[in-house]
Every structure is written in structure tokens, then in C-alpha cells.
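Structure first, then comments.
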Amino acid sequence: MRKSLARQTAAALAFLAVAGNAMLAPIPAQAAGHYKHFKTAIYIPVNVTQSLVDPQVFEHQFARAMSQVPFDKVYIEGYRDNHFASDAEIEAVKRQFQAKGIEVAGGVTLAAGGFNGQFMTFDYESSRDRDTCKRAMALMARHFDHVILDDFTFYTSKSDADIKAKGKRTWTDYRLATMRKVSKDLIIDPARAVNKNVKIVIKYPNWYEHFEGLGFDLAQQPEMFDGIYAGTETRDPVITDQLLQQYESYNIIRYYETLRKDGKNGGGWVDTYSIRYVDRYAEQLWDTMLAKAPEITLFNWHPAAQDTPAEAGARPWAGQDTSFNWDRIVADWKAANPDATAPPGWGLAAGAALKQIDAVLDQLGNPTGIPTYRPANSSSAEDFLPNYLGNVGIPIALTARFPQDAQTILLTQASAADPDILDKVKRQLEAGKAVFVTSGFVKATQDPKRKDRGFQDLVEVYATGNQVLLNDYYNGYGAGNGASLRDDPKVAPRDVLFPELHYFTNDAWPIIRGVAGARGFPVLLMNRYSKGVLYILSIPSNIGDLYSMPPGVMNSVKTYLMADTPVRIEAPAGVSLFTYDNGAYVIQSFRDTPTTVKVVKHAVDGKAHPAAETVPGTSRDTVSEVVIPPHSFRVYKG
């Protein structure tokens, strides 16, 4: 194998020499990319790097990739899973791309392979692994001024050496401390010792709720590195182990933009894994771009450049006029490429999706949403809750900084990781603002023995520890009868398990309540404090049951939560709303059938939450209906 690679490298270098000095001369930076609003990059794993040394392989695959998904940049990987490319191989491939006018950067995956699909990171108590890490970084810095770390810069090892080094610390504390040192001593410093100009970007993956347990430190690392990047691959929300919800492809970009002082996130990163139908791939690319990511990276070169087909998958909506009409895309491509011998591939799917979203981005301002506070390194039992809320039509602006300037904010159980959170809540309420907290937040902050910290100092509501099955729902602002929130009055909704919240009648008001048997329980509680309004939203014990309740329940929640926003939607779960500061908005459906969506617009003055004076009403509302096809999005001007 090594002799074969050596021969390929020698042949490639000879080819470059024969091509003349013009090919070896510095290539000027590209004047403009292939898309107006973002740059498109493709990541090349180390084994592909080595195969592309052969000029014939390179030319064939380059033409295939560029014909389907025009790209501006490549990340050329030199190390992954104990496998190195040589200096000559990296340089040969780098120069071939430069000759085509493609921007080049380095990539490295600091991992030690896997075991039956389970990821294995370096053991940073091992001198061999530490040396491998330093060697990999020095290698990439020799060839590139810009290097990205694929998202394996975390720590899973529990070797005897790790156990001894951890001592009495928790695994989280040990790994965070270790990876801070690793970031500086084994990654940044060895690279800069070779190339003082190198910029190192750390790519964070999609499972942000669990980062600190594996050593990813969102509190300190983002400023240690020269930049950060977001994994926006949500893949399939049913068959994958993480069950990431579609909205996260948008939401995670917004969150990562709040981690650094400069407010920058380098881009989003999507792969083709675990996708049951081709539209799911397109949706991830669209949602990354709807968050205004400046760059999209496609992982990886194989599906973009090889002659394998993209699998359409089971698509009951095939034949309908959806946003991503794969049959039409394929037909148009075949008509334009009558002599093509290879079938349409994943590159064509990416190219079509990116062209679609690029065409509408100039209509959209800066993204907006309900500010939702998630301090860095704050895992909670309400795993990924903001993404579920996004999937029921609530636009979320997830932030690592407390949103003190907002008129309405949402605090989840993760927000309670801020030791000063209750003081901050009080200041918001004293300023006449609205604060929504979840039942998980109440549970995390309640402490009757500490009045300076306990949630009961705001309102005497507490989580009893009991759970209740609710199967009917009513709204109602004050004393009196409530209106049913069922879809069909004759059909009871399915049972949903909720945590029980205890409150004092006439102190806190259940403006949305669930019913089981002869008892009622609050789903949305309201309490006035100082000049503001405090709301408590009870979250189902299984967060996914937000989708199981009648749509009217979350539509009623949105009446209050979005009372000071100019537009909201009423729709079943699986329909998202993206809003922008120029009044434009996007409605996207992840559902398999056409969906009728009510669009509610109302005038707001931006001075105070309307519920501070009266019920968020319909007097100024205008309601219209639109039909969104399956797995499609529509853009609307304000």
C-alpha cells in the first residue's frame, strides 16, 4: 500500500512539474464564489486526500463534483484515526485544487478510530496519543494557514491512567480541565510553532447539550481558538440515536454565534448519513442557510464526487409540487447532461438545494426569535427543548448571554446553571418585562430553605415530584369557564405525562390547564410580579409529547409567548416559523402531507408585554391561511 501511494505521489509531482511554472505559481484568491450569500466548501478525509494524488482520479472526481454542486473551497485532511497523509501527498493535492482556482484549507480529525461504531478519542494521559496529536497539528500547519478540527476534539477514554488522573473530581470537571490544556499545549502551540500565521478553527458537533461531559468547553474554548464552526447535521429525527429535531440545523448556528465576543461562527456542516429520503438532506442545508451561515461545508468528498447515486428514499409526497422536487431536479439534470454515464448523486441534491436557498436569502434580514438563555456548559434534563419548541412553530433565538434587553425571554432548566439567574429574573420583572420559565426551571431553582435563591421568592409555586397523565385541555384567562383546546370535541387527546406544579389559587392563574379525571393541572401559569409578568410553562415529562398534544394547546401558548412579535403561526407540530428583523418570515413544513397554516399578524409597540395590561387579544390581529406543501418552505415579506 505504501509503495503504491509513493508511486502515485511521485507521478503527481512529476505531472505538476511538467505542467510548468504557471501551475506552481501562487493562485490569486477567487473574486467571487458560486453563490451570492455564502461560500460552499467540501471536506476531504485523509484516505481521499491520498487517492486524489493521482491526477486522473483528481480530474474525474473534480469534474463530477463541480458539475453537480459548484464549490469554492476544500478542506484537505492530513490525519484521522491513526492514519497520516505525507507532506508530499498533501502538497500534491493542494496544488491541484489551487490550479483550479479553489481555495484550500487544512482539516484534521484528532481521533483514534472506533470500535463497532462507537467513537474512540485520544487518551490524553497517553504519551503516544499526545505525541500523535502534536504531530498531526504540526503537519497541517506546515501546509495551511487555516486549519479546521473535525468534531472529535473531545474525550471519552477511561483508561487506568485517566481514572488515576481524575482522582476525586467528576468526569466532567476532569475532562474540561484536561481539554483546556490539550487545546493550548497539544493543538494550538504545536501548530503555531511551525506556522505563526496559522488560524485554527474548532468545529463543534450537534450534540451541544452534552458537551461538558466530554470536555468540550463552550465557556473558554471559543476564545482560545481563532474561530468556531457548527455541525448542523440533524439527519433523521426517528431512526438515529440522538433523535435531533430538524429545527436544530437553524438553531445551533444562532447559538454558536453568541459564544465568542466577536459574535462570529464560521459556518455550518452537513453530511449525508442516516437519511431516509433525499428531501431531509436538502432541509438541513436550507435551515443552515436560513440562519445566515456564511459558509456551508459538505461532508464529504465521496458523495459529492464519486459516481454513486443519491437514493431518493420512500417519499409519499413524490409527484407533488414541493420545494425540493427531486424528480424534476433529476430530469433537468439529465436533459442538460445527455452524455453523462454516472447517475445523479448527492452532489446534485446539494447543488439544487443550495441554489434554491441562495435565491431567497436577499429577502431576509437578520434572524430574530424568542431569546432563550442557555449558559455555556449547562446540560439539563430538558434536553434540546428549544429545538422541539422550534418544531411547533415558536421561533427561538438560543443565546449563551442573558438577554436583558429583550421584552420577553424564555428560561429553561439549563438557564438555572447561572447562579445569579433569579436576581436577573427579578430585574426583568421590575422593568415591566415578561419572563417565561419552564417547569424544569422551577424544579432546578426551588429551595424553600434559601429565600435568596429559592424560586418561591418570586411566586409560591413548586414542583411536587409527582407526575400526572393529562388527556384534555382548556384555556381561559381569568375566573370562569374555559374553552376546549381539542381538535375534535368528540375525540379525547392521547394521554401525556406532565410534572405536577403546586400553586395558590388567585395568586397564580392557570391560563391554560390540562385535565385528568376530575382534576385540573396548570400547563401555563401566570403571575404578576412588580411591573412585569411571570409565566410558568409545564413541559411534558417526555419532551417529544409536545407534538402529541392538540395543536390548540401550543397555539394558545404562542398567544402569550409571542404577544409582542408581529407574526405567529397556528399549525400542527412539524411546521416551523423563522422570523427576521426586516419583517420577512419563512414557514417551513417537515410534514409528509400538505398543511394549512394560519398566519396571525398583529401590531406591536415594543414597549411592554401586552399581558401586563390585558389578555393578548385579537382586536388588532389579522388572520390569513396558507397551504405549505410537504417538506417545503415559503418566504413571505412583512
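Residue numbering restarts at 1 for every chain of the C-alpha cells, chains are lettered A, B, ... in their displayed order, and ligands are numbered from 1 as they appear.
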For region 370-466 of chain A versus region 254-272 of chain A, which residues have an atom no more than 10 Å away, and what is each residue's nearest atom pair and distance in Å rounded to one decimal, using only C-alpha atoms, chain-then-number order, as JSON lines?
```
{"residue": "A:Thr372", "atom": "CA", "partner": "A:Tyr255", "partner_atom": "CA", "distance": 9.5}
{"residue": "A:Tyr373", "atom": "CA", "partner": "A:Tyr255", "partner_atom": "CA", "distance": 9.5}
{"residue": "A:Arg374", "atom": "CA", "partner": "A:Tyr255", "partner_atom": "CA", "distance": 8.6}
{"residue": "A:Pro375", "atom": "CA", "partner": "A:Leu259", "partner_atom": "CA", "distance": 9.4}
{"residue": "A:Ala376", "atom": "CA", "partner": "A:Leu259", "partner_atom": "CA", "distance": 7.8}
{"residue": "A:Ile396", "atom": "CA", "partner": "A:Arg254", "partner_atom": "CA", "distance": 8.9}
{"residue": "A:Ala397", "atom": "CA", "partner": "A:Arg254", "partner_atom": "CA", "distance": 6.5}
{"residue": "A:Leu398", "atom": "CA", "partner": "A:Tyr255", "partner_atom": "CA", "distance": 5.0}
{"residue": "A:Thr399", "atom": "CA", "partner": "A:Tyr255", "partner_atom": "CA", "distance": 5.1}
{"residue": "A:Ala400", "atom": "CA", "partner": "A:Thr258", "partner_atom": "CA", "distance": 5.7}
{"residue": "A:Arg401", "atom": "CA", "partner": "A:Thr258", "partner_atom": "CA", "distance": 6.9}
```
Based on the selection just made, write C-alpha atoms of those residues as a compact mmCIF listing (two decimals), in the first residue's frame.
```
# COMPACT_ATOMS: atom_id res chain seq x y z
CA THR A 372 -33.84 31.66 25.18
CA TYR A 373 -30.98 31.66 27.66
CA ARG A 374 -28.63 28.68 27.77
CA PRO A 375 -25.40 29.46 29.63
CA ALA A 376 -22.31 27.68 28.35
CA ILE A 396 -36.16 30.61 19.07
CA ALA A 397 -33.05 32.73 19.49
CA LEU A 398 -30.88 30.49 21.67
CA THR A 399 -28.20 32.52 23.42
CA ALA A 400 -25.31 31.94 25.81
CA ARG A 401 -25.70 35.50 27.14
```
What's around Met137 (chain A) at 8 Å? Count only C-alpha atoms, leave out sequence neighbours fewer than 6 positions away in its own chain, and write the answer as a PyMOL selection string.
chain A and resi 108+186-188+190-191
Could you please take those selected residues and save N, CA and C atoms as a PDB file, in the first residue's frame?
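And here's again-v7.pdb as it stands now:
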```pdb
ATOM      1  N   VAL A 108      -8.216  18.291  10.100  1.00  0.00           N
ATOM      2  CA  VAL A 108      -7.620  17.227  10.903  1.00  0.00           C
ATOM      3  C   VAL A 108      -8.686  16.698  11.857  1.00  0.00           C
ATOM      4  N   LEU A 186      -1.316  20.939  23.101  1.00  0.00           N
ATOM      5  CA  LEU A 186      -1.180  19.892  22.092  1.00  0.00           C
ATOM      6  C   LEU A 186      -1.755  20.269  20.730  1.00  0.00           C
ATOM      7  N   ILE A 187      -2.563  21.326  20.680  1.00  0.00           N
ATOM      8  CA  ILE A 187      -3.189  21.698  19.411  1.00  0.00           C
ATOM      9  C   ILE A 187      -2.689  23.053  18.917  1.00  0.00           C
ATOM     10  N   ILE A 188      -2.926  24.096  19.699  1.00  0.00           N
ATOM     11  CA  ILE A 188      -2.612  25.451  19.243  1.00  0.00           C
ATOM     12  C   ILE A 188      -1.102  25.700  19.214  1.00  0.00           C
ATOM     13  N   PRO A 190       1.657  23.643  19.218  1.00  0.00           N
ATOM     14  CA  PRO A 190       2.466  22.924  18.215  1.00  0.00           C
ATOM     15  C   PRO A 190       2.234  23.437  16.793  1.00  0.00           C
ATOM     16  N   ALA A 191       1.012  23.847  16.488  1.00  0.00           N
ATOM     17  CA  ALA A 191       0.738  24.370  15.145  1.00  0.00           C
ATOM     18  C   ALA A 191       1.419  25.721  14.939  1.00  0.00           C
TER      19      ALA A 191
END
```
Counting only C-alpha atoms, which of A:Gln404, A:Thr412, A:Asn206, A:Ser556 gets nearest to Gly476 (chain A)?
A:Ser556
Hey, what's within 7 Å of Val533 (chain A) if we count only C-alpha atoms and toss same-chain stuff fewer than 5 positions away? As a VMD selection string, please?
chain A and resid 429 433 to 435 527 to 528 612
Applying 12 Å and only C-alpha atoms, which residues near Asp581 (chain A) remain after dropping the ones on its own chain fewer than 3 positions away? List them as number ranges by chain.
A: 363-369, 565-567, 578, 584-585, 637-638
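Inside region 397-638 of chain A, the residues DSSP reads as alpha helix (DSSP H) when given the backbone are Ile421, Leu422, Asp423, Lys424, Val425, Lys426, Arg427, Gln428, Leu429, Glu430, Ser439, Gly440, Phe441, Val442, Lys443, Ala444, Thr445, Pro551, Gly552, Val553, Met554, Asn555, Ser556, Val557, Lys558, Thr559, Tyr560 and Leu561 of chain A.
With CA of Thr559 (chain A) on one side and CA of Tyr529 (chain A) on the other, the separation reads 20.1 Å.
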Taking the DSSP assignment computed from this structure's backbone, write out as a PyMOL selection string all residues of region 378-554 of chain A that belong to strand (DSSP E).
chain A and resi 396-399+408-411+434-438+462-470+472-475+483-484+496-502+509-516+519-529+532-537
Do you know which residues are at most 6 Å from Ile76 (chain A) counting only C-alpha atoms, after dropping those on the same chain fewer than 6 positions away, and could you put them as a list in words?
Ile44, Gly106 and Gly107 of chain A
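Using only C-alpha atoms, the contacts of Asn47 (chain A) at a cut-off of 10 Å, with sequence neighbours closer than 2 positions omitted, comprise Ile44, Pro45, Thr49, Gln50, Ser51, Leu52, Glu77, Gly78, Tyr79, Arg80, His83, Phe84 and Ala85 of chain A.
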Keeping all heavy atoms, export the residues of the selection given above as a compact mmCIF listing (two decimals), in the first residue's frame.
```
# COMPACT_ATOMS: atom_id res chain seq x y z
N ILE A 44 -12.46 16.86 2.65
CA ILE A 44 -11.80 15.70 2.03
C ILE A 44 -11.08 14.89 3.10
O ILE A 44 -10.04 15.30 3.61
CB ILE A 44 -10.80 16.17 0.96
CG1 ILE A 44 -11.51 17.01 -0.10
CG2 ILE A 44 -10.10 14.97 0.32
CD1 ILE A 44 -10.59 17.60 -1.14
N PRO A 45 -11.60 13.72 3.50
CA PRO A 45 -10.94 12.89 4.50
C PRO A 45 -9.58 12.39 4.01
O PRO A 45 -9.30 12.36 2.81
CB PRO A 45 -11.91 11.73 4.71
CG PRO A 45 -13.23 12.23 4.21
CD PRO A 45 -12.89 13.17 3.09
N THR A 49 -7.77 12.18 0.38
CA THR A 49 -6.61 13.01 0.07
C THR A 49 -5.56 12.18 -0.66
O THR A 49 -5.02 12.60 -1.71
CB THR A 49 -6.00 13.60 1.36
OG1 THR A 49 -6.96 14.44 1.99
CG2 THR A 49 -4.75 14.42 1.05
N GLN A 50 -5.28 11.02 -0.14
CA GLN A 50 -4.25 10.17 -0.74
C GLN A 50 -4.65 9.67 -2.12
O GLN A 50 -3.82 9.58 -3.03
CB GLN A 50 -3.94 9.02 0.19
CG GLN A 50 -3.27 9.50 1.49
CD GLN A 50 -2.97 8.37 2.45
OE1 GLN A 50 -3.84 7.59 2.81
NE2 GLN A 50 -1.72 8.28 2.87
N SER A 51 -5.94 9.37 -2.32
CA SER A 51 -6.37 8.89 -3.63
C SER A 51 -6.33 10.00 -4.68
O SER A 51 -6.11 9.73 -5.87
CB SER A 51 -7.78 8.30 -3.54
OG SER A 51 -8.74 9.32 -3.32
N LEU A 52 -6.54 11.25 -4.25
CA LEU A 52 -6.56 12.36 -5.20
C LEU A 52 -5.17 12.78 -5.67
O LEU A 52 -5.05 13.66 -6.53
CB LEU A 52 -7.29 13.56 -4.59
CG LEU A 52 -8.79 13.41 -4.38
CD1 LEU A 52 -9.38 14.65 -3.72
CD2 LEU A 52 -9.50 13.14 -5.71
N GLU A 77 -7.76 17.01 4.47
CA GLU A 77 -7.38 16.39 5.73
C GLU A 77 -6.06 15.64 5.62
O GLU A 77 -5.81 14.94 4.64
CB GLU A 77 -8.49 15.44 6.18
CG GLU A 77 -8.29 14.87 7.57
CD GLU A 77 -9.44 13.99 8.00
OE1 GLU A 77 -9.50 12.83 7.53
OE2 GLU A 77 -10.29 14.45 8.79
N GLY A 78 -5.26 15.77 6.69
CA GLY A 78 -3.97 15.09 6.71
C GLY A 78 -3.84 14.04 7.79
O GLY A 78 -2.86 13.27 7.78
N TYR A 79 -4.79 13.99 8.71
CA TYR A 79 -4.75 12.96 9.76
C TYR A 79 -6.16 12.62 10.22
O TYR A 79 -7.00 13.50 10.40
CB TYR A 79 -3.94 13.42 10.97
CG TYR A 79 -4.10 12.44 12.12
CD1 TYR A 79 -3.31 11.30 12.18
CD2 TYR A 79 -5.07 12.61 13.09
CE1 TYR A 79 -3.49 10.34 13.19
CE2 TYR A 79 -5.26 11.68 14.10
CZ TYR A 79 -4.48 10.55 14.14
OH TYR A 79 -4.66 9.61 15.13
N ARG A 80 -6.37 11.31 10.47
CA ARG A 80 -7.62 10.80 11.06
C ARG A 80 -7.37 9.35 11.49
O ARG A 80 -6.79 8.55 10.75
CB ARG A 80 -8.76 10.85 10.05
CG ARG A 80 -10.07 10.20 10.52
CD ARG A 80 -11.12 10.19 9.42
NE ARG A 80 -11.55 11.53 9.09
CZ ARG A 80 -12.70 12.08 9.50
NH1 ARG A 80 -13.54 11.38 10.24
NH2 ARG A 80 -13.02 13.30 9.15
N HIS A 83 -4.06 7.57 11.07
CA HIS A 83 -3.63 7.46 9.69
C HIS A 83 -3.19 8.84 9.20
O HIS A 83 -3.98 9.80 9.23
CB HIS A 83 -4.77 6.93 8.82
CG HIS A 83 -4.38 6.60 7.43
ND1 HIS A 83 -3.60 5.52 7.09
CD2 HIS A 83 -4.65 7.23 6.26
CE1 HIS A 83 -3.41 5.48 5.79
NE2 HIS A 83 -4.04 6.52 5.26
N PHE A 84 -1.96 8.96 8.75
CA PHE A 84 -1.39 10.22 8.26
C PHE A 84 -1.25 10.20 6.75
O PHE A 84 -0.89 9.18 6.16
CB PHE A 84 0.01 10.44 8.85
CG PHE A 84 0.03 10.92 10.27
CD1 PHE A 84 0.08 10.00 11.31
CD2 PHE A 84 0.02 12.26 10.58
CE1 PHE A 84 0.12 10.43 12.64
CE2 PHE A 84 0.05 12.70 11.89
CZ PHE A 84 0.11 11.78 12.92
N ALA A 85 -1.49 11.36 6.14
CA ALA A 85 -1.01 11.59 4.77
C ALA A 85 0.39 12.17 4.86
O ALA A 85 0.76 12.79 5.88
CB ALA A 85 -1.93 12.56 4.05
```
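In this structure, CA of Lys134 (chain A) sits 19.9 Å away from CA of Pro222 (chain A).
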Counting only C-alpha atoms, which residues in region 539-625 of chain A sit no more than 10 Å from region 319-332 of chain A? For each one, give the nearest pair of atoms and the distance in Å, sorted by chain then residue number, as a Markdown table.
```
| residue | atom | partner | partner_atom | distance |
| --- | --- | --- | --- | --- |
| A:Gln588 | CA | A:Ser323 | CA | 9.9 |
| A:Thr593 | CA | A:Gln320 | CA | 9.6 |
| A:Pro594 | CA | A:Gln320 | CA | 9.3 |
```
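Shell of Gly574 (chain A) at 7 Å, with only C-alpha atoms counted and residues fewer than 2 places along the chain excluded, is Asn391, Val392, Pro572, Ser576, Ser589, Phe590 and Arg591 of chain A.
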Mind giving me the straight-line distance from CA of Leu458 (chain A) to CA of Gly432 (chain A) in Å, one decimal?
14.4 Å
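Shortest separation to Ser378 (chain A) among A:Ile42, A:Ala177, A:Ala165, A:Ala444 occurs at residue A:Ala444, atoms counted being only C-alpha atoms.
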